[in-house]
>>> print(open('coords.cif').read())   # mmCIF, C-alpha atoms and all ligand atoms
data_data
#
loop_
_atom_site.label_atom_id
_atom_site.label_comp_id
_atom_site.auth_asym_id
_atom_site.auth_seq_id
_atom_site.Cartn_x
_atom_site.Cartn_y
_atom_site.Cartn_z
CA MET A 3 122.82 -120.40 2.90
CA LYS A 4 120.70 -118.25 0.67
CA ASN A 5 117.83 -119.93 -1.20
CA VAL A 6 117.09 -118.71 -4.72
CA ASP A 7 114.81 -119.94 -7.49
CA TYR A 8 117.54 -119.47 -10.10
CA ILE A 9 121.24 -119.00 -10.63
CA ILE A 10 122.06 -117.46 -14.02
CA VAL A 11 125.58 -117.98 -15.34
CA GLY A 12 126.69 -115.24 -17.76
CA ASP A 13 126.01 -111.58 -18.47
CA GLY A 14 125.27 -111.20 -22.19
CA TYR A 15 121.93 -110.97 -24.02
CA ALA A 16 120.94 -114.54 -23.13
CA ALA A 17 121.53 -113.96 -19.40
CA PHE A 18 120.02 -110.47 -19.21
CA PHE A 19 116.88 -111.29 -21.19
CA PHE A 20 116.37 -114.39 -19.05
CA ALA A 21 116.92 -112.30 -15.91
CA HIS A 22 114.21 -109.98 -17.22
CA GLN A 23 111.74 -112.89 -17.30
CA LEU A 24 112.58 -113.62 -13.67
CA ILE A 25 112.17 -109.98 -12.62
CA LEU A 26 108.84 -109.83 -14.47
CA ASN A 27 107.60 -112.98 -12.74
CA HIS A 28 108.92 -112.13 -9.27
CA LYS A 29 111.33 -115.06 -9.05
CA SER A 30 114.36 -114.86 -6.80
CA PHE A 31 117.75 -115.21 -8.48
CA VAL A 32 121.39 -114.23 -8.66
CA LEU A 33 123.39 -113.68 -11.83
CA PHE A 34 127.10 -114.55 -12.01
CA SER A 35 129.21 -112.32 -14.25
CA ALA A 36 132.85 -113.16 -15.05
CA ASN A 37 133.39 -109.43 -15.61
CA GLN A 38 134.82 -109.81 -19.09
CA THR A 39 133.67 -107.98 -22.21
CA SER A 40 130.91 -110.13 -23.71
CA ALA A 41 130.17 -110.53 -27.43
CA SER A 42 126.88 -108.80 -26.61
CA GLU A 43 128.67 -105.65 -25.41
CA VAL A 44 130.68 -105.57 -28.66
CA SER A 45 127.56 -106.02 -30.80
CA ALA A 46 126.15 -103.28 -33.01
CA GLY A 47 122.69 -103.56 -31.51
CA ILE A 48 121.01 -103.82 -34.91
CA VAL A 49 117.47 -105.18 -34.90
CA ASN A 50 116.78 -106.27 -38.43
CA PRO A 51 113.93 -108.41 -39.76
CA LEU A 52 115.76 -109.07 -43.06
CA VAL A 53 118.74 -110.84 -44.53
CA LEU A 54 120.13 -107.85 -46.35
CA LYS A 55 122.20 -109.75 -48.91
CA LYS A 56 119.19 -111.32 -50.59
CA PHE A 57 116.27 -109.26 -49.24
CA THR A 58 114.62 -112.21 -47.56
CA THR A 59 113.25 -112.57 -44.07
CA PHE A 60 113.85 -115.35 -41.53
CA TRP A 61 112.12 -117.73 -39.13
CA LEU A 62 109.85 -115.88 -36.64
CA ALA A 63 111.19 -112.43 -37.62
CA ALA A 64 107.87 -110.59 -37.19
CA GLU A 65 107.05 -112.36 -33.90
CA GLN A 66 110.54 -111.62 -32.57
CA ILE A 67 110.32 -107.90 -33.38
CA GLU A 68 106.93 -107.68 -31.69
CA SER A 69 108.26 -109.48 -28.62
CA LEU A 70 111.27 -107.11 -28.43
CA VAL A 71 109.11 -103.99 -28.53
CA THR A 72 106.95 -105.36 -25.67
CA THR A 73 109.99 -106.48 -23.66
CA MET A 74 111.68 -103.10 -23.96
CA SER A 75 108.64 -101.36 -22.47
CA GLU A 76 108.60 -103.92 -19.65
CA ILE A 77 112.28 -103.20 -18.96
CA GLU A 78 111.60 -99.47 -19.07
CA ALA A 79 109.14 -99.93 -16.20
CA TYR A 80 112.01 -100.76 -13.79
CA THR A 81 115.09 -99.14 -15.34
CA GLY A 82 113.33 -95.92 -16.31
CA GLN A 83 114.57 -96.05 -19.89
CA ASN A 84 113.58 -97.56 -23.22
CA TYR A 85 116.77 -98.67 -24.95
CA LEU A 86 115.20 -99.27 -28.35
CA ILE A 87 116.12 -96.56 -30.86
CA HIS A 88 113.56 -96.42 -33.65
CA GLU A 89 115.96 -95.53 -36.47
CA ASN A 90 115.47 -97.60 -39.60
CA ILE A 91 118.22 -99.23 -41.62
CA HIS A 92 118.92 -97.68 -45.03
CA ARG A 93 120.48 -100.24 -47.34
CA ILE A 94 122.72 -98.77 -50.08
CA PHE A 95 122.00 -100.45 -53.42
CA HIS A 96 125.05 -101.75 -55.24
CA ASP A 97 123.42 -101.47 -58.66
CA GLN A 98 120.12 -101.09 -60.52
CA SER A 99 119.40 -104.83 -60.49
CA GLU A 100 119.40 -104.87 -56.66
CA LYS A 101 117.00 -101.97 -56.64
CA ASP A 102 114.72 -103.80 -59.09
CA LEU A 103 114.88 -106.92 -56.92
CA TRP A 104 113.84 -104.86 -53.87
CA THR A 105 110.89 -103.41 -55.83
CA ALA A 106 109.79 -106.89 -56.96
CA LYS A 107 109.99 -108.20 -53.39
CA THR A 108 107.86 -105.37 -51.98
CA GLU A 109 104.96 -107.10 -53.75
CA THR A 110 105.28 -110.34 -51.77
CA GLU A 111 103.08 -110.91 -48.70
CA GLU A 112 106.03 -111.96 -46.54
CA LEU A 113 108.27 -108.99 -47.34
CA LYS A 114 105.75 -106.20 -47.83
CA PRO A 115 105.81 -105.21 -44.13
CA PHE A 116 109.60 -104.73 -44.15
CA LEU A 117 110.68 -103.40 -47.58
CA ASN A 118 109.67 -99.78 -47.95
CA PRO A 119 108.81 -99.11 -51.63
CA GLU A 120 109.99 -95.46 -51.55
CA PHE A 121 113.71 -94.94 -52.19
CA GLU A 122 115.90 -92.21 -50.74
CA THR A 123 119.24 -90.75 -51.86
CA LEU A 124 121.43 -89.69 -48.96
CA ASP A 125 123.86 -86.76 -48.74
CA THR A 126 127.57 -87.00 -47.87
CA ILE A 127 127.96 -90.67 -48.84
CA SER A 128 128.21 -92.33 -52.21
CA ASN A 129 124.88 -93.96 -53.09
CA PRO A 130 124.32 -93.49 -56.85
CA PHE A 131 121.46 -96.02 -56.90
CA GLY A 132 119.94 -94.67 -53.68
CA THR A 133 118.92 -96.57 -50.55
CA GLY A 134 116.01 -98.77 -49.48
CA LYS A 135 114.49 -98.37 -46.01
CA VAL A 136 113.83 -101.44 -43.86
CA ASP A 137 110.56 -100.85 -42.02
CA HIS A 138 110.34 -102.19 -38.45
CA SER A 139 114.13 -102.27 -38.16
CA ALA A 140 115.64 -100.51 -35.14
CA ARG A 141 118.73 -100.32 -32.98
CA LEU A 142 119.38 -101.13 -29.35
CA ASP A 143 121.40 -98.67 -27.27
CA VAL A 144 123.79 -101.47 -26.29
CA ASN A 145 125.76 -99.50 -23.67
CA GLY A 146 122.61 -98.11 -22.10
CA PHE A 147 120.94 -101.54 -22.00
CA PHE A 148 123.83 -103.26 -20.20
CA LYS A 149 124.45 -100.33 -17.87
CA GLY A 150 120.77 -99.90 -17.03
CA ILE A 151 120.09 -103.55 -16.25
CA SER A 152 123.42 -104.04 -14.39
CA THR A 153 122.60 -101.03 -12.21
CA TYR A 154 119.18 -102.52 -11.40
CA LEU A 155 120.73 -105.92 -10.56
CA GLU A 156 123.40 -104.32 -8.36
CA LYS A 157 120.87 -102.18 -6.55
CA HIS A 158 118.78 -105.26 -5.72
CA ASP A 159 121.77 -107.40 -4.78
CA LEU A 160 121.20 -109.78 -7.69
CA LEU A 161 124.64 -109.48 -9.33
CA VAL A 162 127.68 -111.52 -8.28
CA ASN A 163 130.80 -110.22 -10.01
CA GLU A 164 132.59 -113.52 -10.03
CA LYS A 165 133.22 -116.27 -12.59
CA LEU A 166 131.14 -119.31 -11.63
CA ASN A 167 133.46 -122.21 -10.90
CA TYR A 168 131.91 -125.42 -12.25
CA ALA A 169 133.93 -127.59 -9.86
CA GLU A 170 132.10 -126.05 -6.90
CA ILE A 171 128.57 -126.87 -8.10
CA ASN A 172 127.14 -129.59 -5.94
CA ASP A 173 123.67 -130.78 -7.07
CA SER A 174 121.49 -127.81 -6.09
CA THR A 175 124.01 -125.83 -4.12
CA TYR A 176 126.76 -123.50 -5.19
CA LYS A 177 128.93 -121.99 -2.47
CA ASP A 178 126.49 -120.06 -0.22
CA PHE A 179 123.49 -120.58 -2.48
CA THR A 180 120.90 -123.28 -2.85
CA PHE A 181 118.97 -123.03 -6.09
CA LYS A 182 115.99 -124.65 -7.79
CA ASN A 183 117.35 -124.15 -11.32
CA MET A 184 120.64 -123.12 -12.87
CA VAL A 185 120.58 -121.53 -16.35
CA PHE A 186 123.87 -121.49 -18.22
CA CYS A 187 124.13 -118.50 -20.61
CA GLU A 188 127.87 -118.39 -21.20
CA GLY A 189 128.08 -117.72 -24.95
CA MET A 190 131.36 -119.23 -26.20
CA GLY A 191 132.33 -119.77 -22.54
CA VAL A 192 130.16 -122.90 -22.75
CA THR A 193 133.17 -124.74 -24.17
CA SER A 194 134.52 -124.91 -20.58
CA ASN A 195 131.20 -126.17 -19.17
CA PRO A 196 131.60 -129.83 -18.13
CA TYR A 197 127.83 -130.52 -18.25
CA PHE A 198 126.93 -129.52 -21.80
CA THR A 199 129.65 -131.25 -23.75
CA ASP A 200 127.44 -132.62 -26.55
CA ILE A 201 126.34 -129.32 -28.04
CA GLN A 202 128.23 -127.81 -30.92
CA VAL A 203 128.54 -124.06 -30.59
CA ILE A 204 130.94 -122.59 -33.14
CA ALA A 205 132.69 -119.24 -32.65
CA ASN A 206 132.28 -116.62 -35.35
CA LYS A 207 134.66 -113.77 -34.63
CA GLY A 208 133.48 -110.24 -35.37
CA HIS A 209 135.35 -106.92 -35.32
CA HIS A 210 134.02 -103.39 -35.32
CA LEU A 211 135.54 -99.92 -35.46
CA LYS A 212 134.64 -96.77 -33.60
CA VAL A 213 135.43 -93.88 -35.92
CA LYS A 214 135.38 -90.10 -36.02
CA LEU A 215 134.08 -88.82 -39.37
CA ALA A 216 135.44 -85.58 -40.82
CA LYS A 217 131.95 -84.78 -42.17
CA THR A 218 128.90 -85.99 -40.30
CA ILE A 219 126.09 -87.69 -42.16
CA SER A 220 122.67 -86.14 -42.00
CA PRO A 221 120.03 -87.39 -41.31
CA GLN A 222 121.71 -89.75 -38.84
CA TYR A 223 120.36 -93.05 -40.18
CA THR A 224 121.71 -96.55 -39.73
CA ILE A 225 123.42 -97.14 -43.07
CA LYS A 226 124.25 -100.57 -44.45
CA LYS A 227 126.51 -101.42 -47.33
CA LYS A 228 128.99 -104.18 -46.56
CA HIS A 229 128.67 -103.43 -42.82
CA PHE A 230 126.59 -101.14 -40.63
CA LEU A 231 127.44 -97.48 -39.95
CA PHE A 232 125.55 -95.45 -37.36
CA PRO A 233 126.21 -92.69 -34.79
CA LEU A 234 126.95 -93.69 -31.19
CA ASN A 235 127.04 -90.11 -29.91
CA GLU A 236 127.92 -86.60 -31.14
CA GLU A 237 131.53 -87.66 -31.83
CA LEU A 238 131.72 -91.34 -32.66
CA TYR A 239 130.26 -93.72 -35.22
CA TYR A 240 130.14 -97.52 -35.05
CA TYR A 241 131.20 -99.42 -38.18
CA GLY A 242 131.01 -103.23 -38.30
CA GLY A 243 130.92 -106.07 -37.82
CA THR A 244 132.95 -108.56 -39.75
CA TYR A 245 132.34 -112.33 -39.84
CA ASP A 246 135.16 -114.80 -39.44
CA PRO A 247 134.25 -118.41 -38.64
CA ASN A 248 137.86 -119.64 -38.78
CA GLU A 249 139.69 -117.19 -36.53
CA ARG A 250 140.07 -118.03 -32.82
CA ALA A 251 142.92 -115.76 -31.67
CA ASN A 252 142.12 -113.61 -28.65
CA GLU A 253 143.51 -110.44 -30.21
CA ILE A 254 142.70 -107.82 -32.81
CA ASP A 255 143.25 -109.04 -36.34
CA ASP A 256 144.85 -106.18 -38.35
CA PHE A 257 143.59 -107.71 -41.57
CA LYS A 258 139.99 -107.30 -40.33
CA THR A 259 140.67 -103.70 -39.30
CA GLU A 260 141.85 -103.03 -42.87
CA GLU A 261 138.79 -104.81 -44.29
CA LEU A 262 136.57 -102.50 -42.25
CA LYS A 263 138.47 -99.37 -43.24
CA GLU A 264 138.16 -100.31 -46.91
CA GLY A 265 134.47 -101.13 -46.48
CA LEU A 266 133.81 -97.68 -45.01
CA ALA A 267 135.97 -95.86 -47.58
CA ALA A 268 133.97 -97.55 -50.35
CA PHE A 269 130.99 -95.26 -49.65
CA TYR A 270 132.44 -92.51 -47.42
CA SER A 271 135.04 -90.52 -49.36
CA HIS A 272 135.89 -88.00 -46.57
CA ASP A 273 138.59 -88.52 -43.94
CA PHE A 274 137.92 -90.64 -40.89
CA GLU A 275 139.94 -91.57 -37.84
CA VAL A 276 139.78 -95.00 -36.21
CA VAL A 277 139.51 -94.41 -32.46
CA GLU A 278 138.87 -97.98 -31.27
CA VAL A 279 138.84 -101.54 -32.63
CA ASN A 280 136.96 -104.24 -30.74
CA TYR A 281 136.09 -107.86 -31.36
CA GLY A 282 133.93 -110.61 -29.92
CA PHE A 283 132.92 -114.20 -30.63
CA ARG A 284 129.34 -114.93 -31.71
CA PRO A 285 128.09 -118.31 -30.45
CA THR A 286 126.72 -119.83 -33.67
CA VAL A 287 125.14 -123.20 -34.45
CA LYS A 288 125.27 -125.07 -37.76
CA ASP A 289 121.47 -125.19 -38.11
CA ARG A 290 121.25 -121.46 -37.18
CA ARG A 291 118.88 -122.11 -34.28
CA PRO A 292 119.44 -121.29 -30.59
CA ILE A 293 119.87 -124.08 -28.05
CA LEU A 294 117.46 -124.39 -25.11
CA GLY A 295 116.79 -127.23 -22.72
CA ASN A 296 117.90 -129.22 -19.72
CA LEU A 297 120.01 -132.26 -18.98
CA ALA A 298 118.45 -135.69 -18.49
CA ASP A 299 120.58 -136.46 -15.44
CA HIS A 300 120.51 -132.96 -13.91
CA GLN A 301 117.00 -131.86 -14.76
CA ASN A 302 117.35 -128.46 -13.13
CA TYR A 303 120.45 -127.52 -15.22
CA TYR A 304 119.38 -125.56 -18.30
CA ILE A 305 121.23 -124.12 -21.25
CA PHE A 306 120.43 -120.97 -23.23
CA ASN A 307 122.96 -120.50 -26.02
CA GLY A 308 123.55 -120.42 -29.78
CA LEU A 309 122.11 -116.93 -30.31
CA GLY A 310 124.32 -116.49 -33.39
CA ALA A 311 124.33 -113.21 -35.30
CA ARG A 312 120.91 -112.20 -33.89
CA GLY A 313 121.61 -112.08 -30.18
CA ILE A 314 119.00 -109.44 -29.46
CA LEU A 315 116.01 -110.96 -31.24
CA ASN A 316 116.89 -114.55 -30.32
CA GLY A 317 117.82 -113.64 -26.74
CA CYS A 318 114.62 -111.70 -26.17
CA TYR A 319 112.17 -114.11 -27.80
CA PHE A 320 113.62 -117.39 -26.59
CA SER A 321 114.16 -116.24 -22.99
CA LYS A 322 110.36 -116.21 -22.67
CA GLU A 323 110.10 -119.60 -24.40
CA LEU A 324 112.61 -121.04 -21.95
CA TYR A 325 110.93 -119.45 -18.94
CA ASP A 326 107.50 -120.76 -20.01
CA HIS A 327 109.01 -124.19 -20.56
CA ILE A 328 110.52 -124.30 -17.07
CA GLU A 329 107.70 -122.70 -15.12
CA ASN A 330 104.60 -123.41 -17.19
CA ASP A 331 105.45 -126.74 -18.86
CA LYS A 332 105.31 -125.22 -22.33
CA GLU A 333 106.87 -127.60 -24.80
CA LEU A 334 110.06 -126.36 -26.44
CA MET A 335 109.98 -125.91 -30.20
CA LYS A 336 111.80 -128.88 -31.69
CA GLU A 337 113.98 -126.55 -33.80
CA VAL A 338 115.65 -125.09 -30.69
CA ASP A 339 115.47 -128.07 -28.35
CA LEU A 340 118.78 -129.24 -26.86
CA LYS A 341 117.57 -132.80 -27.58
CA ARG A 342 118.61 -132.41 -31.22
CA PHE A 343 122.21 -132.80 -29.99
CA THR A 344 121.73 -135.37 -27.26
CA LYS A 345 119.50 -137.92 -29.05
C1 LIG A 401 131.05 -107.52 -33.83
C2 LIG A 401 129.71 -108.12 -33.50
C3 LIG A 401 128.54 -107.45 -33.89
C4 LIG A 401 127.29 -107.98 -33.58
N1 LIG A 401 126.18 -107.27 -33.92
C5 LIG A 401 124.95 -107.73 -33.58
C6 LIG A 401 123.80 -106.95 -33.86
O1 LIG A 401 123.90 -105.86 -34.42
N2 LIG A 401 122.58 -107.44 -33.49
C7 LIG A 401 122.45 -108.65 -32.86
O2 LIG A 401 121.31 -109.04 -32.53
N3 LIG A 401 123.54 -109.41 -32.56
C8 LIG A 401 124.78 -108.99 -32.90
N4 LIG A 401 125.89 -109.74 -32.61
C9 LIG A 401 125.70 -111.09 -32.07
C10 LIG A 401 125.50 -111.05 -30.57
O3 LIG A 401 126.46 -110.24 -30.00
C11 LIG A 401 125.55 -112.47 -29.97
O4 LIG A 401 124.53 -113.27 -30.49
C12 LIG A 401 125.35 -112.40 -28.47
O5 LIG A 401 126.33 -111.59 -27.92
C13 LIG A 401 125.38 -113.74 -27.77
O6 LIG A 401 124.99 -113.51 -26.44
P1 LIG A 401 125.28 -114.52 -25.26
O7 LIG A 401 124.65 -113.95 -24.06
O8 LIG A 401 124.89 -115.89 -25.67
O9 LIG A 401 126.88 -114.55 -25.15
P2 LIG A 401 127.91 -113.42 -24.67
O10 LIG A 401 127.46 -112.09 -25.07
O11 LIG A 401 129.27 -113.84 -25.11
O12 LIG A 401 127.83 -113.47 -23.09
C14 LIG A 401 128.29 -114.56 -22.35
C15 LIG A 401 128.92 -114.02 -21.09
O13 LIG A 401 129.01 -115.06 -20.11
C16 LIG A 401 130.20 -114.89 -19.38
N5 LIG A 401 130.58 -116.18 -18.78
C17 LIG A 401 131.04 -117.29 -19.41
N6 LIG A 401 131.31 -118.26 -18.52
C18 LIG A 401 131.01 -117.75 -17.28
C19 LIG A 401 131.09 -118.26 -15.95
N7 LIG A 401 131.53 -119.49 -15.71
N8 LIG A 401 130.73 -117.45 -14.92
C20 LIG A 401 130.28 -116.20 -15.16
N9 LIG A 401 130.17 -115.66 -16.40
C21 LIG A 401 130.55 -116.42 -17.45
C22 LIG A 401 131.20 -114.43 -20.43
O14 LIG A 401 132.29 -113.75 -19.80
C23 LIG A 401 130.34 -113.50 -21.27
O15 LIG A 401 130.46 -112.18 -20.80
C24 LIG A 401 127.17 -109.23 -32.90
C25 LIG A 401 128.34 -109.89 -32.48
C26 LIG A 401 129.59 -109.36 -32.78
C27 LIG A 401 130.83 -110.08 -32.31
#
>>> encode(input="coords.cif", output="structure tokens")
Amino acid sequence: MKNVDYIIVGDGYAAFFFAHQLILNHKSFVLFSANQTSASEVSAGIVNPLVLKKFTTFWLAAEQIESLVTTMSEIEAYTGQNYLIHENIHRIFHDQSEKDLWTAKTETEELKPFLNPEFETLDTISNPFGTGKVDHSARLDVNGFFKGISTYLEKHDLLVNEKLNYAEINDSTYKDFTFKNMVFCEGMGVTSNPYFTDIQVIANKGHHLKVKLAKTISPQYTIKKKHFLFPLNEELYYYGGTYDPNERANEIDDFKTEELKEGLAAFYSHDFEVVEVNYGFRPTVKDRRPILGNLADHQNYYIFNGLGARGILNGCYFSKELYDHIENDKELMKEVDLKRFTK
């Protein structure tokens, strides 16, 4: 038997950011990965303090960005790399009224830090009304992040490449492990979890394209019109992602691929070639808040889920909240507490 403080179930943002808290605090743990492509790996990696449809911000946006910047330097200390790319989002204005709305909102206390008042017109793409820059926005190098942390976990024998089988959990033992706490971070996989049956996590399917552009865009900003476009490397750009709360099929939806192609063609008039199409399922919650907490009858079984469309900011910020709750008796915020489903 091997004794560990924690078993983590899952390998997306929720699991990896929680693992980071354990590494930081010198707790022993193992992380079980089912070795399937997670929604996190399909994500764009956009870190955005705004809702770009209406130019508003959201709950804890500034605190979450600050926490991410700190966390990324902490991760750099043991992986040797900072995966945060400080490239701002440039939002293409649809018309003059949107531009005027942006200007008006730069005057408000809440939005001043994020809406840059200077506009820019970009080359190569169609942007007749110019673009607005989102200050404090950034992008995560998604591939680098998952590769870097996985390599660290493997090197320290903390990664078990195996789907955790719920039927083999027996109080505080699982196969060869005894654990103090188990933290379930399964994304949409939670629907197979027999312990957390009361929570309502709803899948929102998202597709993205990887494309080759006939004419590269310079400077290489993150551009947003209907979806996000940004360079992944010298050859490929990411374009996505779509939102579909009603689609559950485990396959590429050609209709969504077309939607993306049309979305890109709407502001990029040169040729492009679709090299890859990928999709994933965001674990969303009706009240748009993550879900954290433990069971009344298995007090050492915790859940960390419902990260929604903001897996990076929610995963980073709330992994610390959950850790402090478990280890330091910090009360959970009522907005994210699992109890809102179990009462
Ligand atoms: C197209 C698209 C674009 C997105 N873009 C962004 C973005 O730009 N910025 C942003 O912040 N968010 C983005 N998101 C949202 C983000 O990806 C999600 O919020 C996030 O992935 C949720 O993370 P998670 O760890 O909860 O779940 P997941 O990433 O789904 O990870 C859960 C993992 O647990 C594993 N698992 C399940 N059951 C078990 C088990 N029994 N044993 C072992 N492993 C198990 C699963 O195989 C899975 O790999 C995007 C999502 C999509 C689909």
>>> atom_distance(input="coords.cif", atom1="atom CA of A:Arg291", atom2="atom CA of A:Val338")
5.7 Å
>>> residues_around(input="coords.cif", residues="A:Leu24", least_positions_apart="2", cutoff="12 Å", atoms="all atoms listed in the file", output="PyMOL selection string")
chain A and resi 6-10+17-22+26-33+77+155+160+183+185+321-322+324-326+328-329
>>> write_last_selection(input="coords.cif", atoms="C-alpha atoms", output="PDB file, keeping the file's coordinate frame")
ATOM      1  CA  VAL A   6     117.090-118.710  -4.720  1.00  0.00           C
ATOM      2  CA  ASP A   7     114.810-119.940  -7.490  1.00  0.00           C
ATOM      3  CA  TYR A   8     117.540-119.470 -10.100  1.00  0.00           C
ATOM      4  CA  ILE A   9     121.240-119.000 -10.630  1.00  0.00           C
ATOM      5  CA  ILE A  10     122.060-117.460 -14.020  1.00  0.00           C
ATOM      6  CA  ALA A  17     121.530-113.960 -19.400  1.00  0.00           C
ATOM      7  CA  PHE A  18     120.020-110.470 -19.210  1.00  0.00           C
ATOM      8  CA  PHE A  19     116.880-111.290 -21.190  1.00  0.00           C
ATOM      9  CA  PHE A  20     116.370-114.390 -19.050  1.00  0.00           C
ATOM     10  CA  ALA A  21     116.920-112.300 -15.910  1.00  0.00           C
ATOM     11  CA  HIS A  22     114.210-109.980 -17.220  1.00  0.00           C
ATOM     12  CA  LEU A  26     108.840-109.830 -14.470  1.00  0.00           C
ATOM     13  CA  ASN A  27     107.600-112.980 -12.740  1.00  0.00           C
ATOM     14  CA  HIS A  28     108.920-112.130  -9.270  1.00  0.00           C
ATOM     15  CA  LYS A  29     111.330-115.060  -9.050  1.00  0.00           C
ATOM     16  CA  SER A  30     114.360-114.860  -6.800  1.00  0.00           C
ATOM     17  CA  PHE A  31     117.750-115.210  -8.480  1.00  0.00           C
ATOM     18  CA  VAL A  32     121.390-114.230  -8.660  1.00  0.00           C
ATOM     19  CA  LEU A  33     123.390-113.680 -11.830  1.00  0.00           C
ATOM     20  CA  ILE A  77     112.280-103.200 -18.960  1.00  0.00           C
ATOM     21  CA  LEU A 155     120.730-105.920 -10.560  1.00  0.00           C
ATOM     22  CA  LEU A 160     121.200-109.780  -7.690  1.00  0.00           C
ATOM     23  CA  ASN A 183     117.350-124.150 -11.320  1.00  0.00           C
ATOM     24  CA  VAL A 185     120.580-121.530 -16.350  1.00  0.00           C
ATOM     25  CA  SER A 321     114.160-116.240 -22.990  1.00  0.00           C
ATOM     26  CA  LYS A 322     110.360-116.210 -22.670  1.00  0.00           C
ATOM     27  CA  LEU A 324     112.610-121.040 -21.950  1.00  0.00           C
ATOM     28  CA  TYR A 325     110.930-119.450 -18.940  1.00  0.00           C
ATOM     29  CA  ASP A 326     107.500-120.760 -20.010  1.00  0.00           C
ATOM     30  CA  ILE A 328     110.520-124.300 -17.070  1.00  0.00           C
ATOM     31  CA  GLU A 329     107.700-122.700 -15.120  1.00  0.00           C
TER      32      GLU A 329
END
>>> closest_residue(input="coords.cif", among="A:Phe181, A:Phe320, A:Tyr241, A:Tyr281", to="A:Asp256", atoms="all atoms listed in the file")
A:Tyr281
>>> atom_distance(input="coords.cif", atom1="atom CA of A:Tyr85", atom2="atom CA of A:Leu142")
5.7 Å
>>> residues_near_ligand(input="coords.cif", ligand="ligand LIG 401 (chain A)", cutoff="6 Å", atoms="all atoms listed in the file", output="count of residues only")
47
>>> atom_distance(input="coords.cif", atom1="atom CA of A:Ala140", atom2="atom CA of A:Lys101")
21.6 Å
>>> closest_residue(input="coords.cif", among="A:Ile225, A:Ile25, A:Val192, A:Leu262", to="A:Ala79", atoms="only C-alpha atoms")
A:Ile25
>>> residues_around(input="coords.cif", residues="A:Met74", least_positions_apart="4", cutoff="8 Å", atoms="all atoms listed in the file", output="JSON, numbers by chain")
{"A": [70, 78, 84, 85, 86]}
>>> closest_residue(input="coords.cif", among="A:Leu234, A:Ala169, A:Glu278, A:Leu340", to="A:Val144", atoms="all atoms listed in the file")
A:Leu234
>>> build_atoms(input="coords.cif", residues="stretch 139-150 of chain A", atoms="N, CA and C atoms", output="PDB file, keeping the file's coordinate frame")
ATOM      1  N   SER A 139     112.776-102.048 -38.667  1.00  0.00           N
ATOM      2  CA  SER A 139     114.130-102.270 -38.160  1.00  0.00           C
ATOM      3  C   SER A 139     114.375-101.209 -37.075  1.00  0.00           C
ATOM      4  N   ALA A 140     115.358-101.450 -36.235  1.00  0.00           N
ATOM      5  CA  ALA A 140     115.640-100.510 -35.140  1.00  0.00           C
ATOM      6  C   ALA A 140     117.064-100.779 -34.636  1.00  0.00           C
ATOM      7  N   ARG A 141     117.395-100.145 -33.544  1.00  0.00           N
ATOM      8  CA  ARG A 141     118.730-100.320 -32.980  1.00  0.00           C
ATOM      9  C   ARG A 141     118.610-100.273 -31.463  1.00  0.00           C
ATOM     10  N   LEU A 142     119.365-101.153 -30.808  1.00  0.00           N
ATOM     11  CA  LEU A 142     119.380-101.130 -29.350  1.00  0.00           C
ATOM     12  C   LEU A 142     120.538-100.233 -28.899  1.00  0.00           C
ATOM     13  N   ASP A 143     120.298 -99.417 -27.895  1.00  0.00           N
ATOM     14  CA  ASP A 143     121.400 -98.670 -27.270  1.00  0.00           C
ATOM     15  C   ASP A 143     122.114 -99.687 -26.376  1.00  0.00           C
ATOM     16  N   VAL A 144     123.150-100.319 -26.948  1.00  0.00           N
ATOM     17  CA  VAL A 144     123.790-101.470 -26.290  1.00  0.00           C
ATOM     18  C   VAL A 144     124.388-101.060 -24.941  1.00  0.00           C
ATOM     19  N   ASN A 145     125.135 -99.953 -24.929  1.00  0.00           N
ATOM     20  CA  ASN A 145     125.760 -99.500 -23.670  1.00  0.00           C
ATOM     21  C   ASN A 145     124.709 -99.218 -22.614  1.00  0.00           C
ATOM     22  N   GLY A 146     123.684 -98.489 -23.032  1.00  0.00           N
ATOM     23  CA  GLY A 146     122.610 -98.110 -22.100  1.00  0.00           C
ATOM     24  C   GLY A 146     121.920 -99.342 -21.540  1.00  0.00           C
ATOM     25  N   PHE A 147     121.644-100.311 -22.401  1.00  0.00           N
ATOM     26  CA  PHE A 147     120.940-101.540 -22.000  1.00  0.00           C
ATOM     27  C   PHE A 147     121.742-102.281 -20.920  1.00  0.00           C
ATOM     28  N   PHE A 148     123.046-102.490 -21.176  1.00  0.00           N
ATOM     29  CA  PHE A 148     123.830-103.260 -20.200  1.00  0.00           C
ATOM     30  C   PHE A 148     124.055-102.463 -18.912  1.00  0.00           C
ATOM     31  N   LYS A 149     124.255-101.164 -19.056  1.00  0.00           N
ATOM     32  CA  LYS A 149     124.450-100.330 -17.870  1.00  0.00           C
ATOM     33  C   LYS A 149     123.171-100.276 -17.040  1.00  0.00           C
ATOM     34  N   GLY A 150     122.065-100.061 -17.724  1.00  0.00           N
ATOM     35  CA  GLY A 150     120.770 -99.900 -17.030  1.00  0.00           C
ATOM     36  C   GLY A 150     120.389-101.162 -16.269  1.00  0.00           C
TER      37      GLY A 150
END
